[in-house]
file start_19.tsv (TSV, C-alpha atoms)
chain	number	residue	atom	x	y	z
A	4	MET	CA	4.89	15.79	19.26
A	5	ILE	CA	7.02	12.63	19.35
A	6	SER	CA	10.33	14.48	19.35
A	7	GLY	CA	9.23	17.38	21.51
A	8	ASN	CA	9.38	19.66	18.47
A	9	ALA	CA	6.25	21.36	17.16
A	10	ILE	CA	5.10	20.02	13.79
A	11	ASP	CA	2.98	22.02	11.33
A	12	ILE	CA	0.15	19.67	10.34
A	13	GLN	CA	-0.48	21.63	7.13
A	14	ALA	CA	2.99	20.62	5.96
A	15	VAL	CA	1.58	17.13	5.46
A	16	SER	CA	-0.26	18.26	2.36
A	17	GLY	CA	1.29	21.63	1.54
A	18	PRO	CA	4.87	22.76	0.99
A	19	GLY	CA	7.32	20.96	3.27
A	20	GLU	CA	9.17	24.12	4.31
A	21	ASN	CA	8.99	24.97	7.99
A	22	SER	CA	7.33	21.65	8.73
A	23	GLY	CA	9.49	21.16	11.79
A	24	VAL	CA	10.63	17.82	10.37
A	25	ALA	CA	14.35	17.39	9.69
A	26	GLY	CA	14.73	17.50	5.90
A	27	GLY	CA	10.96	17.95	5.59
A	28	ASP	CA	11.01	20.04	2.42
A	29	LEU	CA	13.33	17.62	0.65
A	30	ILE	CA	11.35	14.61	1.84
A	31	ALA	CA	8.12	16.19	0.61
A	32	ASP	CA	9.60	16.92	-2.82
A	33	PHE	CA	10.98	13.39	-3.16
A	34	VAL	CA	7.79	11.63	-2.09
A	35	GLU	CA	5.67	13.77	-4.39
A	36	ALA	CA	8.00	13.13	-7.34
A	37	VAL	CA	7.90	9.38	-6.74
A	38	LEU	CA	4.12	9.26	-6.51
A	39	ALA	CA	3.75	11.47	-9.58
A	40	ASP	CA	6.20	9.26	-11.48
A	41	ASP	CA	8.24	12.30	-12.52
A	42	ARG	CA	11.59	10.70	-13.34
A	43	ALA	CA	13.57	13.95	-13.60
A	44	ALA	CA	12.15	15.27	-10.33
A	45	ILE	CA	12.82	11.94	-8.64
A	46	ALA	CA	16.49	12.05	-9.63
A	47	ASP	CA	16.88	15.69	-8.59
A	48	SER	CA	15.12	15.33	-5.26
A	49	ARG	CA	16.91	12.07	-4.51
A	50	SER	CA	20.26	13.80	-5.00
A	51	GLY	CA	19.25	16.60	-2.67
A	52	LEU	CA	17.98	14.18	-0.09
A	53	MET	CA	21.17	12.11	-0.26
A	54	ALA	CA	23.27	15.21	0.32
A	55	GLU	CA	21.14	16.27	3.27
A	56	LEU	CA	20.22	12.99	4.99
A	57	GLY	CA	22.38	10.32	3.32
A	58	ALA	CA	21.72	7.35	1.05
A	59	GLU	CA	20.43	5.10	3.86
A	60	ALA	CA	17.74	7.62	4.70
A	61	VAL	CA	16.69	7.80	1.05
A	62	VAL	CA	16.19	4.03	1.02
A	63	ASP	CA	14.18	4.18	4.24
A	64	ILE	CA	12.00	6.96	2.85
A	65	ALA	CA	11.46	4.96	-0.36
A	66	ALA	CA	10.44	1.96	1.74
A	67	VAL	CA	7.91	3.90	3.82
A	68	THR	CA	6.52	5.47	0.66
A	69	ALA	CA	6.05	2.00	-0.82
A	70	MET	CA	4.41	0.76	2.37
A	71	PHE	CA	1.85	3.52	2.42
A	72	THR	CA	0.90	3.00	-1.20
A	73	VAL	CA	-0.21	-0.38	0.17
A	74	MET	CA	-1.90	0.91	3.32
A	75	ASN	CA	-3.85	3.61	1.46
A	76	ARG	CA	-5.11	1.22	-1.18
A	77	VAL	CA	-6.04	-1.51	1.27
A	78	ALA	CA	-7.94	1.01	3.38
A	79	ASP	CA	-9.67	2.59	0.38
A	80	ALA	CA	-10.55	-0.65	-1.41
A	81	THR	CA	-11.88	-2.49	1.63
A	82	GLY	CA	-13.85	0.40	3.13
A	83	THR	CA	-11.72	0.38	6.25
A	84	PRO	CA	-13.07	2.83	8.85
A	85	VAL	CA	-11.10	5.16	11.09
A	86	ASP	CA	-9.79	3.32	14.14
A	87	ARG	CA	-11.90	3.52	17.25
A	88	GLY	CA	-10.32	4.40	20.56
A	89	PRO	CA	-8.75	7.44	22.21
A	90	ALA	CA	-7.07	8.65	19.02
A	91	GLU	CA	-10.23	8.64	16.87
A	92	PRO	CA	-11.28	12.28	17.51
A	93	PHE	CA	-7.74	13.45	16.82
A	94	VAL	CA	-7.51	11.45	13.60
A	95	ARG	CA	-10.84	12.83	12.41
A	96	GLN	CA	-9.76	16.38	13.27
A	97	VAL	CA	-6.51	16.03	11.33
A	98	ALA	CA	-8.34	14.46	8.39
A	99	ASP	CA	-10.84	17.34	8.42
A	100	GLU	CA	-8.05	19.94	8.50
A	101	LEU	CA	-6.39	18.28	5.52
A	102	GLY	CA	-9.62	17.78	3.61
A	103	LEU	CA	-9.36	13.99	3.65
A	104	VAL	CA	-12.68	12.17	3.74
A	105	GLU	CA	-13.69	8.72	4.89
A	106	GLU	CA	-15.58	7.31	1.90
A	107	HIS	CA	-18.78	5.30	2.28
B	12	MET	CA	5.54	-17.54	1.24
B	13	SER	CA	8.62	-19.56	0.48
B	14	SER	CA	11.57	-18.65	2.69
B	15	THR	CA	13.96	-19.84	-0.03
B	16	ALA	CA	12.95	-17.16	-2.54
B	17	PRO	CA	15.93	-15.30	-3.96
B	18	SER	CA	16.46	-11.66	-3.10
B	19	VAL	CA	15.83	-9.11	-5.81
B	20	ASP	CA	19.10	-7.91	-7.33
B	21	TYR	CA	19.26	-4.15	-6.81
B	22	GLY	CA	22.85	-3.92	-8.02
B	23	ALA	CA	21.83	-1.44	-10.72
B	24	ALA	CA	20.50	1.05	-8.16
B	25	PRO	CA	22.54	4.24	-7.68
B	26	ILE	CA	22.40	3.73	-3.91
B	27	PRO	CA	22.89	0.61	-1.77
B	28	ILE	CA	19.63	-1.16	-0.94
B	29	ARG	CA	19.13	-2.86	2.44
B	30	ASP	CA	19.36	-6.63	2.25
B	31	ASP	CA	16.07	-7.08	4.09
B	32	LEU	CA	14.25	-5.01	1.47
B	33	ALA	CA	15.76	-7.01	-1.42
B	34	LEU	CA	14.77	-10.23	0.32
B	35	SER	CA	11.27	-8.95	1.10
B	36	HIS	CA	10.70	-8.09	-2.55
B	37	GLY	CA	11.96	-11.51	-3.61
B	38	LEU	CA	9.53	-13.11	-1.18
B	39	VAL	CA	6.64	-11.03	-2.50
B	40	LEU	CA	7.40	-11.97	-6.10
B	41	SER	CA	7.58	-15.63	-5.08
B	42	HIS	CA	4.29	-15.27	-3.21
B	43	VAL	CA	2.58	-13.60	-6.15
B	44	SER	CA	3.77	-16.27	-8.58
B	45	THR	CA	2.45	-19.09	-6.39
B	46	ALA	CA	-1.19	-20.24	-6.43
B	47	GLY	CA	-3.08	-18.38	-3.76
B	48	THR	CA	-6.17	-19.22	-1.75
B	49	TRP	CA	-8.63	-18.38	-4.55
B	50	TRP	CA	-6.62	-17.47	-7.67
B	51	THR	CA	-4.23	-19.64	-9.69
B	52	ALA	CA	-0.60	-18.61	-10.03
B	53	ALA	CA	-1.20	-17.59	-13.64
B	54	GLU	CA	-4.15	-15.44	-12.60
B	55	ARG	CA	-2.11	-13.83	-9.82
B	56	ILE	CA	0.66	-12.95	-12.25
B	57	ALA	CA	-2.00	-11.56	-14.60
B	58	ILE	CA	-3.34	-9.42	-11.74
B	59	ALA	CA	0.17	-8.18	-10.99
B	60	GLY	CA	0.75	-7.35	-14.65
B	61	SER	CA	-2.58	-5.56	-14.86
B	62	ALA	CA	-1.71	-3.43	-11.83
B	63	ARG	CA	1.67	-2.61	-13.32
B	64	HIS	CA	0.24	-1.54	-16.66
B	65	ALA	CA	-2.65	0.42	-15.15
B	66	ARG	CA	-0.29	3.34	-14.62
B	67	SER	CA	0.00	3.78	-18.39
B	68	CYS	CA	-3.67	3.08	-19.20
B	69	PRO	CA	-5.12	6.08	-21.14
B	70	PHE	CA	-8.64	5.44	-19.85
B	71	CYS	CA	-7.38	5.47	-16.25
B	72	ALA	CA	-5.60	8.78	-16.90
B	73	GLU	CA	-8.74	10.28	-18.42
B	74	ARG	CA	-10.89	9.08	-15.54
B	75	LYS	CA	-8.42	10.26	-12.93
B	76	ALA	CA	-8.57	13.74	-14.46
B	77	ALA	CA	-12.37	13.80	-14.57
B	78	LEU	CA	-14.43	15.51	-11.88
B	79	SER	CA	-16.12	12.19	-11.18
B	80	PRO	CA	-14.81	8.71	-12.06
B	81	TYR	CA	-18.26	8.02	-13.52
B	82	ALA	CA	-18.16	11.03	-15.83
B	83	VAL	CA	-16.21	9.23	-18.56
B	84	ASP	CA	-16.76	5.97	-20.42
B	85	GLY	CA	-14.06	3.87	-21.98
B	86	VAL	CA	-12.13	0.63	-22.06
B	87	HIS	CA	-8.97	-0.13	-20.13
B	88	GLN	CA	-5.76	-0.79	-21.99
B	89	ASP	CA	-4.93	-4.18	-20.54
B	90	GLU	CA	-3.55	-7.44	-21.89
B	91	SER	CA	-4.00	-9.57	-18.79
B	92	GLY	CA	-6.90	-11.63	-20.15
B	93	LEU	CA	-8.73	-11.20	-16.85
B	94	ASP	CA	-12.48	-10.61	-16.58
B	95	PRO	CA	-13.25	-6.94	-17.39
B	96	THR	CA	-14.72	-6.38	-13.93
B	97	VAL	CA	-11.51	-7.64	-12.32
B	98	VAL	CA	-9.45	-5.43	-14.62
B	99	ASP	CA	-11.54	-2.41	-13.66
B	100	VAL	CA	-11.09	-3.17	-9.95
B	101	ILE	CA	-7.34	-3.52	-10.31
B	102	HIS	CA	-6.95	-0.40	-12.44
B	103	ARG	CA	-9.11	1.78	-10.19
B	104	VAL	CA	-7.40	0.62	-7.00
B	105	THR	CA	-4.02	1.24	-8.61
B	106	THR	CA	-4.65	4.62	-10.23
B	107	ASP	CA	-7.54	6.31	-8.39
B	108	PRO	CA	-7.90	4.74	-4.93
B	109	GLY	CA	-9.13	7.89	-3.23
B	110	ARG	CA	-12.50	7.84	-5.03
B	111	LEU	CA	-13.64	4.29	-4.44
B	112	SER	CA	-17.07	3.88	-2.87
B	113	HIS	CA	-19.18	1.25	-1.16
B	114	ARG	CA	-21.43	1.17	-4.20
B	115	TRP	CA	-18.41	0.49	-6.40
B	116	TYR	CA	-17.44	-2.44	-4.16
B	117	GLU	CA	-20.94	-3.90	-4.14
B	118	GLN	CA	-21.16	-3.71	-7.93
B	119	ALA	CA	-17.76	-5.38	-8.28
B	120	ILE	CA	-18.58	-8.40	-6.13
B	121	ALA	CA	-22.00	-8.75	-7.76
B	122	SER	CA	-20.27	-9.75	-10.99
B	123	ASP	CA	-19.53	-13.34	-11.95
B	124	GLY	CA	-15.78	-12.81	-11.80
B	125	LEU	CA	-15.52	-11.76	-8.18
B	126	ASP	CA	-16.67	-12.55	-4.68
B	127	PRO	CA	-15.36	-10.96	-1.48
B	128	GLU	CA	-12.59	-13.54	-1.06
B	129	ARG	CA	-11.31	-13.20	-4.62
B	130	PHE	CA	-11.70	-9.43	-4.39
B	131	VAL	CA	-9.50	-9.25	-1.28
B	132	GLU	CA	-6.84	-11.54	-2.74
B	133	ALA	CA	-6.74	-9.58	-6.02
B	134	ILE	CA	-6.37	-6.31	-4.12
B	135	ALA	CA	-3.52	-7.76	-2.08
B	136	VAL	CA	-1.59	-8.88	-5.15
B	137	ALA	CA	-2.18	-5.59	-6.96
B	138	VAL	CA	-1.09	-3.37	-4.10
B	139	LEU	CA	2.04	-5.36	-3.30
B	140	ILE	CA	3.25	-5.10	-6.90
B	141	THR	CA	2.37	-1.40	-6.90
B	142	ALA	CA	4.48	-0.98	-3.77
B	143	ILE	CA	7.50	-2.76	-5.23
B	144	ASP	CA	7.23	-0.70	-8.40
B	145	THR	CA	6.98	2.47	-6.32
B	146	PHE	CA	10.13	1.52	-4.46
B	147	ALA	CA	11.98	0.75	-7.70
B	148	ARG	CA	11.02	4.14	-9.10
B	149	ALA	CA	12.18	5.87	-5.94
B	150	VAL	CA	15.63	4.27	-5.92
B	151	GLY	CA	16.14	4.68	-9.67
B	152	VAL	CA	15.79	1.20	-11.14
B	153	ASP	CA	13.44	-0.31	-13.71
B	154	PRO	CA	10.48	-2.40	-12.52
B	155	ILE	CA	11.53	-5.88	-11.45
B	156	PRO	CA	10.41	-8.44	-14.08
B	157	LEU	CA	7.48	-10.56	-12.96
B	158	PRO	CA	8.33	-14.25	-12.51
B	159	GLU	CA	6.69	-17.11	-14.35
B	160	PRO	CA	3.68	-18.63	-12.55
B	161	ARG	CA	4.45	-21.75	-10.57
B	162	PRO	CA	2.49	-24.97	-10.85
B	163	GLY	CA	-0.16	-25.75	-8.28
B	164	ALA	CA	-3.81	-25.13	-7.52
B	165	PRO	CA	-5.44	-22.60	-5.20
B	166	THR	CA	-5.72	-23.92	-1.68
B	167	GLY	CA	-9.27	-22.72	-1.02
B	168	GLY	CA	-10.60	-22.65	2.51
B	169	SER	CA	-13.22	-20.15	3.58
B	170	GLN	CA	-12.55	-18.05	6.65
B	171	THR	CA	-14.96	-18.25	9.57
B	172	ASP	CA	-15.62	-15.95	12.57
B	173	LEU	CA	-16.37	-13.05	10.25
B	174	GLU	CA	-18.12	-9.75	10.84
B	175	HIS	CA	-19.78	-7.75	8.10
B	176	GLU	CA	-20.11	-4.42	9.87
B	177	ARG	CA	-18.08	-1.21	9.56
B	178	ALA	CA	-15.88	-2.18	6.57
B	179	TRP	CA	-17.11	-3.11	3.08
B	180	VAL	CA	-15.37	-6.48	3.08
B	181	PRO	CA	-15.99	-9.23	5.66
B	182	ARG	CA	-13.27	-9.26	8.33
B	183	LEU	CA	-12.25	-11.46	11.22
B	184	THR	CA	-14.20	-10.92	14.41
B	185	PRO	CA	-12.04	-9.92	17.37
B	186	GLY	CA	-11.42	-12.69	19.86
B	187	GLY	CA	-12.25	-15.75	17.78
B	188	ALA	CA	-9.81	-18.61	17.20
B	189	ASN	CA	-8.96	-17.37	13.73
B	190	TRP	CA	-8.36	-13.89	15.11
B	191	VAL	CA	-5.86	-15.27	17.61
B	192	ALA	CA	-4.17	-17.23	14.82
B	193	ALA	CA	-3.84	-14.04	12.77
B	194	PHE	CA	-3.09	-11.43	15.40
B	195	GLY	CA	-2.17	-13.31	18.58
B	196	GLU	CA	-3.40	-11.75	21.81
B	197	ARG	CA	-2.93	-8.16	20.62
B	198	ALA	CA	-5.62	-5.73	21.73
B	199	ASP	CA	-4.50	-2.88	19.47
B	200	VAL	CA	-5.01	-4.30	15.97
B	201	ALA	CA	-5.51	-1.40	13.60
B	202	GLU	CA	-8.55	-1.37	11.34
B	203	VAL	CA	-6.39	-1.40	8.20
B	204	GLU	CA	-4.61	-4.57	9.33
B	205	ARG	CA	-7.97	-6.30	9.40
B	206	GLY	CA	-8.71	-5.35	5.80
B	207	LEU	CA	-7.10	-8.46	4.34
B	208	SER	CA	-8.05	-10.84	7.16
B	209	LEU	CA	-10.59	-12.61	4.93
B	210	VAL	CA	-7.58	-14.22	3.19
B	211	PRO	CA	-5.01	-15.14	5.85
B	212	SER	CA	-2.08	-15.80	3.52
B	213	GLU	CA	-2.38	-12.26	2.13
B	214	LEU	CA	-2.61	-10.83	5.63
B	215	ARG	CA	0.58	-12.66	6.60
B	216	THR	CA	2.37	-11.26	3.56
B	217	LEU	CA	1.22	-7.72	4.35
B	218	THR	CA	2.35	-8.13	7.97
B	219	ALA	CA	5.83	-9.25	6.92
B	220	PHE	CA	6.02	-6.46	4.34
B	221	ALA	CA	5.15	-3.85	6.97
B	222	ARG	CA	7.89	-4.98	9.32
B	223	VAL	CA	10.58	-4.44	6.68
B	224	HIS	CA	9.24	-1.27	5.06
B	225	TYR	CA	7.70	0.56	8.02
B	226	MET	CA	7.58	-1.25	11.34
B	227	ALA	CA	5.95	-4.30	12.87
B	228	PHE	CA	2.28	-3.49	13.28
B	229	GLU	CA	2.36	-4.25	17.00
B	230	ASN	CA	4.85	-1.39	17.47
B	231	VAL	CA	2.90	1.32	15.64
B	232	THR	CA	1.18	2.54	18.81
B	233	ARG	CA	4.54	3.02	20.57
B	234	PRO	CA	5.16	6.66	19.60
B	235	HIS	CA	8.95	6.61	19.87
B	236	TYR	CA	9.49	3.20	18.30
B	237	VAL	CA	11.76	2.84	15.25
B	238	GLU	CA	12.87	-0.49	13.81
B	239	PRO	CA	16.59	-1.11	14.50
B	240	GLY	CA	18.97	-0.06	11.75
B	241	ARG	CA	16.80	2.67	10.24
B	242	ALA	CA	18.35	6.01	9.21
B	243	ILE	CA	15.21	8.10	9.68
B	244	ASP	CA	13.51	8.82	12.98
B	245	ARG	CA	9.85	8.28	13.86
B	246	VAL	CA	8.84	11.85	13.05
B	247	GLN	CA	10.34	11.58	9.57
B	248	THR	CA	8.75	8.17	9.12
B	249	GLU	CA	5.29	9.45	9.96
B	250	PHE	CA	5.84	12.56	7.85
B	251	VAL	CA	6.51	10.35	4.82
B	252	ALA	CA	3.46	8.22	5.62
B	253	SER	CA	1.28	11.32	5.94
B	254	ARG	CA	2.55	12.84	2.70
B	255	VAL	CA	1.72	9.65	0.83
B	256	SER	CA	-1.75	9.49	2.38
B	257	ALA	CA	-2.45	13.13	1.59
B	258	TYR	CA	-1.32	12.65	-2.01
B	259	ASN	CA	-3.64	9.67	-2.33
B	260	ASP	CA	-6.54	11.52	-0.65
B	261	CYS	CA	-6.61	8.80	1.98
B	262	PHE	CA	-7.62	9.55	5.57
B	263	TYR	CA	-5.60	6.64	6.86
call {"tool": "encode", "arguments": {"input": "start_19.tsv", "output": "structure tokens"}}
result
Amino acid sequence: MISGNAIDIQAVSGPGENSGVAGGDLIADFVEAVLADDRAAIADSRSGLMAELGAEAVVDIAAVTAMFTVMNRVADATGTPVDRGPAEPFVRQVADELGLVEEH
Amino acid sequence: MSSTAPSVDYGAAPIPIRDDLALSHGLVLSHVSTAGTWWTAAERIAIAGSARHARSCPFCAERKAALSPYAVDGVHQDESGLDPTVVDVIHRVTTDPGRLSHRWYEQAIASDGLDPERFVEAIAVAVLITAIDTFARAVGVDPIPLPEPRPGAPTGGSQTDLEHERAWVPRLTPGGANWVAAFGERADVAEVERGLSLVPSELRTLTAFARVHYMAFENVTRPHYVEPGRAIDRVQTEFVASRVSAYNDCFY
């Protein structure tokens, strides 16, 4: 609730429509195409994203995507646990809702 | 990392690429091609090449599609010349990170080719190259050629003040001198930041990479923070991060 707008948490793993995030459906399509290495879908979704959010936003989205390929792999390969602290119950709840498990 | 490394030339991209990203990728390639703490420069370039080619490895594709990664046997397609255990670690982290297990880690470091320090450094090199390749794909350019390895020997130097609880790999203990050297006086160091703390030079590279691609780690807990000059807001940033994590079956 950073912006004051309601966000649909299921949009994180499902279709991006109605996510409450500006350009959410286009962002979701682009990120998925990049991670799936689908060259045609990357080009198509990048064009749509450029028209909607602009070329600078596409570059920023590509950069965050790259960063989280790192974060995910570091966390998974090193057995990094969920952070302790006030946010831990919330993080676990969101992970449960999305079917994401902490591997041990 | 050398601060004199050339920026990557993204002139062939269909969209303009931020200068700080081109410089960051040049710095990473320079870092990878320089002898590390435990691996030689040639070995680090071999690790990077192995990570790059894992995406087209038929055995990785077959295993990724299997119900369990242990349900299929095979040999990786890989020309790196690295120890087979190291190759398997790099390929699995690159292509199927969501199904790694503590047992897998313990088996990997029990081999002759790896110990926790070399494991952490290899992971760091592999994931940084994977990230740069992901970015290249996203902006519509071919993978950046890997540089030639530079002369020099690994620096060595075991980390101290380590804890062996919670994570699989040893990590810096909060509050020690080495912790302060790595993280300053911060009280809000995320668990994932600590993942590479066994090898400080790799942690420093990850920290610099994060600042350019996402945000400085110390600002992550500020919910409205966005690095200056970015064209997407914090909600969009976290939406992208969450989509990537969900795709990779990662809770983080």
call {"tool": "atom_distance", "arguments": {"input": "start_19.tsv", "atom1": "atom CA of A:Ala58", "atom2": "atom CA of B:Thr145"}}
result
17.2 Å
call {"tool": "closest_residue", "arguments": {"input": "start_19.tsv", "among": "B:Ile28, B:Asp199, B:Gln118, B:Asp89", "to": "B:Phe146", "atoms": "all atoms listed in the file"}}
result
B:Ile28
call {"tool": "residues_around", "arguments": {"input": "start_19.tsv", "residues": "A:Met74", "least_positions_apart": "4", "cutoff": "9 Å", "atoms": "only C-alpha atoms", "output": "list in words"}}
result
Met70, Ala78 and Asp79 of chain A; Val138, Val203, Glu204, Ser256 and Tyr263 of chain B
call {"tool": "atom_distance", "arguments": {"input": "start_19.tsv", "atom1": "atom CA of B:His87", "atom2": "atom CA of B:Ala133"}}
result
17.1 Å
call {"tool": "residues_around", "arguments": {"input": "start_19.tsv", "residues": "B:Arg110", "least_positions_apart": "6", "cutoff": "12 Å", "atoms": "all atoms listed in the file", "output": "ChimeraX atom specification"}}
result
/A:75-76,78-80,82,103-107 /B:74-81,103-104,116,259-262
call {"tool": "residues_around", "arguments": {"input": "start_19.tsv", "residues": "B:Thr106", "least_positions_apart": "6", "cutoff": "7 Å", "atoms": "all atoms listed in the file", "output": "list in words"}}
result
Ala65, Arg66 and Cys71 of chain B
call {"tool": "atom_distance", "arguments": {"input": "start_19.tsv", "atom1": "atom CA of A:Leu56", "atom2": "atom CA of B:Tyr236"}}
result
19.7 Å
call {"tool": "closest_residue", "arguments": {"input": "start_19.tsv", "among": "A:Glu55, A:Arg42, A:Val34, A:Ala60", "to": "A:Thr72", "atoms": "all atoms listed in the file"}}
result
A:Val34
call {"tool": "closest_atom_pairs", "arguments": {"input": "start_19.tsv", "of": "chain B", "to": "chain A", "cutoff": "7 Å", "atoms": "all atoms listed in the file", "output": "Markdown table"}}
result
| residue | atom | partner | partner_atom | distance |
| --- | --- | --- | --- | --- |
| B:Ile26 | CA | A:Ala58 | CA | 6.2 |
| B:Ile28 | CA | A:Val62 | CA | 6.5 |
| B:Val104 | CA | A:Arg76 | CA | 6.3 |
| B:Pro108 | CA | A:Arg76 | CA | 5.9 |
| B:Gly109 | CA | A:Asp79 | CA | 6.4 |
| B:Leu111 | CA | A:Asp79 | CA | 6.5 |
| B:Ser112 | CA | A:His107 | CA | 5.6 |
| B:His113 | CA | A:His107 | CA | 5.3 |
| B:Val138 | CA | A:Val73 | CA | 5.3 |
| B:Leu139 | CA | A:Val73 | CA | 6.5 |
| B:Ala142 | CA | A:Ala69 | CA | 4.5 |
| B:Ile143 | CA | A:Ala69 | CA | 6.6 |
| B:Thr145 | CA | A:Ala69 | CA | 5.6 |
| B:Phe146 | CA | A:Ala69 | CA | 5.5 |
| B:Arg148 | CA | A:Val37 | CA | 6.5 |
| B:Ala149 | CA | A:Val37 | CA | 5.6 |
| B:Val150 | CA | A:Val62 | CA | 7.0 |
| B:Arg177 | CA | A:Pro84 | CA | 6.5 |
| B:Ala178 | CA | A:Gly82 | CA | 4.8 |
| B:Trp179 | CA | A:Gly82 | CA | 4.8 |
| B:Val180 | CA | A:Thr81 | CA | 5.5 |
| B:Ala201 | CA | A:Asp86 | CA | 6.4 |
| B:Glu202 | CA | A:Asp86 | CA | 5.6 |
| B:Val203 | CA | A:Ala78 | CA | 5.6 |
| B:Gly206 | CA | A:Thr81 | CA | 6.0 |
| B:Ala221 | CA | A:Met70 | CA | 6.6 |
| B:His224 | CA | A:Ala66 | CA | 4.8 |
| B:Tyr225 | CA | A:Val67 | CA | 5.4 |
| B:Pro234 | CA | A:Ile5 | CA | 6.3 |
| B:His235 | CA | A:Ile5 | CA | 6.3 |
| B:Arg241 | CA | A:Asp63 | CA | 6.7 |
| B:Ala242 | CA | A:Ala60 | CA | 4.8 |
| B:Ile243 | CA | A:Ala60 | CA | 5.6 |
| B:Val246 | CA | A:Ile5 | CA | 6.6 |
| B:Gln247 | CA | A:Val24 | CA | 6.3 |
| B:Thr248 | CA | A:Val67 | CA | 6.9 |
| B:Phe250 | CA | A:Val15 | CA | 6.7 |
| B:Val251 | CA | A:Thr68 | CA | 6.4 |
| B:Ala252 | CA | A:Phe71 | CA | 5.9 |
| B:Ser253 | CA | A:Val15 | CA | 5.8 |
| B:Arg254 | CA | A:Val15 | CA | 5.2 |
| B:Val255 | CA | A:Phe71 | CA | 6.3 |
| B:Ser256 | CA | A:Asn75 | CA | 6.3 |
| B:Ala257 | CA | A:Ser16 | CA | 5.6 |
| B:Asp260 | CA | A:Leu103 | CA | 5.7 |
| B:Cys261 | CA | A:Asn75 | CA | 5.9 |
| B:Phe262 | CA | A:Leu103 | CA | 5.1 |
| B:Tyr263 | CA | A:Asn75 | CA | 6.4 |
call {"tool": "closest_residue", "arguments": {"input": "start_19.tsv", "among": "B:Val210, B:Leu125, B:Ala24, B:Ile155", "to": "B:Gly47", "atoms": "all atoms listed in the file"}}
result
B:Val210
call {"tool": "residues_near_point", "arguments": {"input": "start_19.tsv", "point": "(-7.9, -15.1, 16.2)", "cutoff": "12 Å", "atoms": "all atoms listed in the file", "output": "list in words"}}
result
Gln170, Thr171, Asp172, Leu173, Arg182, Leu183, Thr184, Pro185, Gly186, Gly187, Ala188, Asn189, Trp190, Val191, Ala192, Ala193, Phe194, Gly195, Glu196, Arg197, Ala198, Val200, Arg205, Ser208, Leu209 and Pro211 of chain B
call {"tool": "decode", "arguments": {"input": "start_19.tsv", "residues": "stretch 232-245 of chain B", "atoms": "N, CA and C atoms", "output": "PDB file, in the first residue's frame"}}
result
ATOM      1  N   THR B 232      14.207  -0.644   3.016  1.00  0.00           N
ATOM      2  CA  THR B 232      13.152  -0.610   4.042  1.00  0.00           C
ATOM      3  C   THR B 232      12.423   0.735   4.098  1.00  0.00           C
ATOM      4  N   ARG B 233      12.830   1.682   3.270  1.00  0.00           N
ATOM      5  CA  ARG B 233      12.089   2.958   3.176  1.00  0.00           C
ATOM      6  C   ARG B 233      11.042   2.775   2.076  1.00  0.00           C
ATOM      7  N   PRO B 234       9.761   2.615   2.448  1.00  0.00           N
ATOM      8  CA  PRO B 234       8.758   2.152   1.489  1.00  0.00           C
ATOM      9  C   PRO B 234       8.504   3.075   0.301  1.00  0.00           C
ATOM     10  N   HIS B 235       8.811   4.343   0.420  1.00  0.00           N
ATOM     11  CA  HIS B 235       8.551   5.257  -0.693  1.00  0.00           C
ATOM     12  C   HIS B 235       9.814   5.564  -1.487  1.00  0.00           C
ATOM     13  N   TYR B 236      10.938   4.978  -1.095  1.00  0.00           N
ATOM     14  CA  TYR B 236      12.208   5.367  -1.707  1.00  0.00           C
ATOM     15  C   TYR B 236      12.329   4.846  -3.142  1.00  0.00           C
ATOM     16  N   VAL B 237      12.799   5.725  -4.030  1.00  0.00           N
ATOM     17  CA  VAL B 237      13.163   5.346  -5.398  1.00  0.00           C
ATOM     18  C   VAL B 237      14.476   6.042  -5.708  1.00  0.00           C
ATOM     19  N   GLU B 238      15.417   5.337  -6.320  1.00  0.00           N
ATOM     20  CA  GLU B 238      16.682   5.964  -6.686  1.00  0.00           C
ATOM     21  C   GLU B 238      16.413   7.123  -7.651  1.00  0.00           C
ATOM     22  N   PRO B 239      17.139   8.236  -7.516  1.00  0.00           N
ATOM     23  CA  PRO B 239      16.926   9.381  -8.421  1.00  0.00           C
ATOM     24  C   PRO B 239      17.112   8.979  -9.885  1.00  0.00           C
ATOM     25  N   GLY B 240      16.294   9.573 -10.741  1.00  0.00           N
ATOM     26  CA  GLY B 240      16.439   9.350 -12.176  1.00  0.00           C
ATOM     27  C   GLY B 240      15.716   8.143 -12.721  1.00  0.00           C
ATOM     28  N   ARG B 241      14.975   7.431 -11.893  1.00  0.00           N
ATOM     29  CA  ARG B 241      14.269   6.241 -12.370  1.00  0.00           C
ATOM     30  C   ARG B 241      12.902   6.629 -12.952  1.00  0.00           C
ATOM     31  N   ALA B 242      12.459   5.878 -13.959  1.00  0.00           N
ATOM     32  CA  ALA B 242      11.201   6.180 -14.640  1.00  0.00           C
ATOM     33  C   ALA B 242      10.041   5.335 -14.133  1.00  0.00           C
ATOM     34  N   ILE B 243      10.296   4.414 -13.219  1.00  0.00           N
ATOM     35  CA  ILE B 243       9.218   3.633 -12.620  1.00  0.00           C
ATOM     36  C   ILE B 243       9.166   3.938 -11.124  1.00  0.00           C
ATOM     37  N   ASP B 244       7.956   3.850 -10.566  1.00  0.00           N
ATOM     38  CA  ASP B 244       7.817   4.180  -9.151  1.00  0.00           C
ATOM     39  C   ASP B 244       8.090   2.932  -8.295  1.00  0.00           C
ATOM     40  N   ARG B 245       7.966   3.089  -6.984  1.00  0.00           N
ATOM     41  CA  ARG B 245       8.326   1.997  -6.088  1.00  0.00           C
ATOM     42  C   ARG B 245       7.359   0.813  -6.227  1.00  0.00           C
TER      43      ARG B 245
END
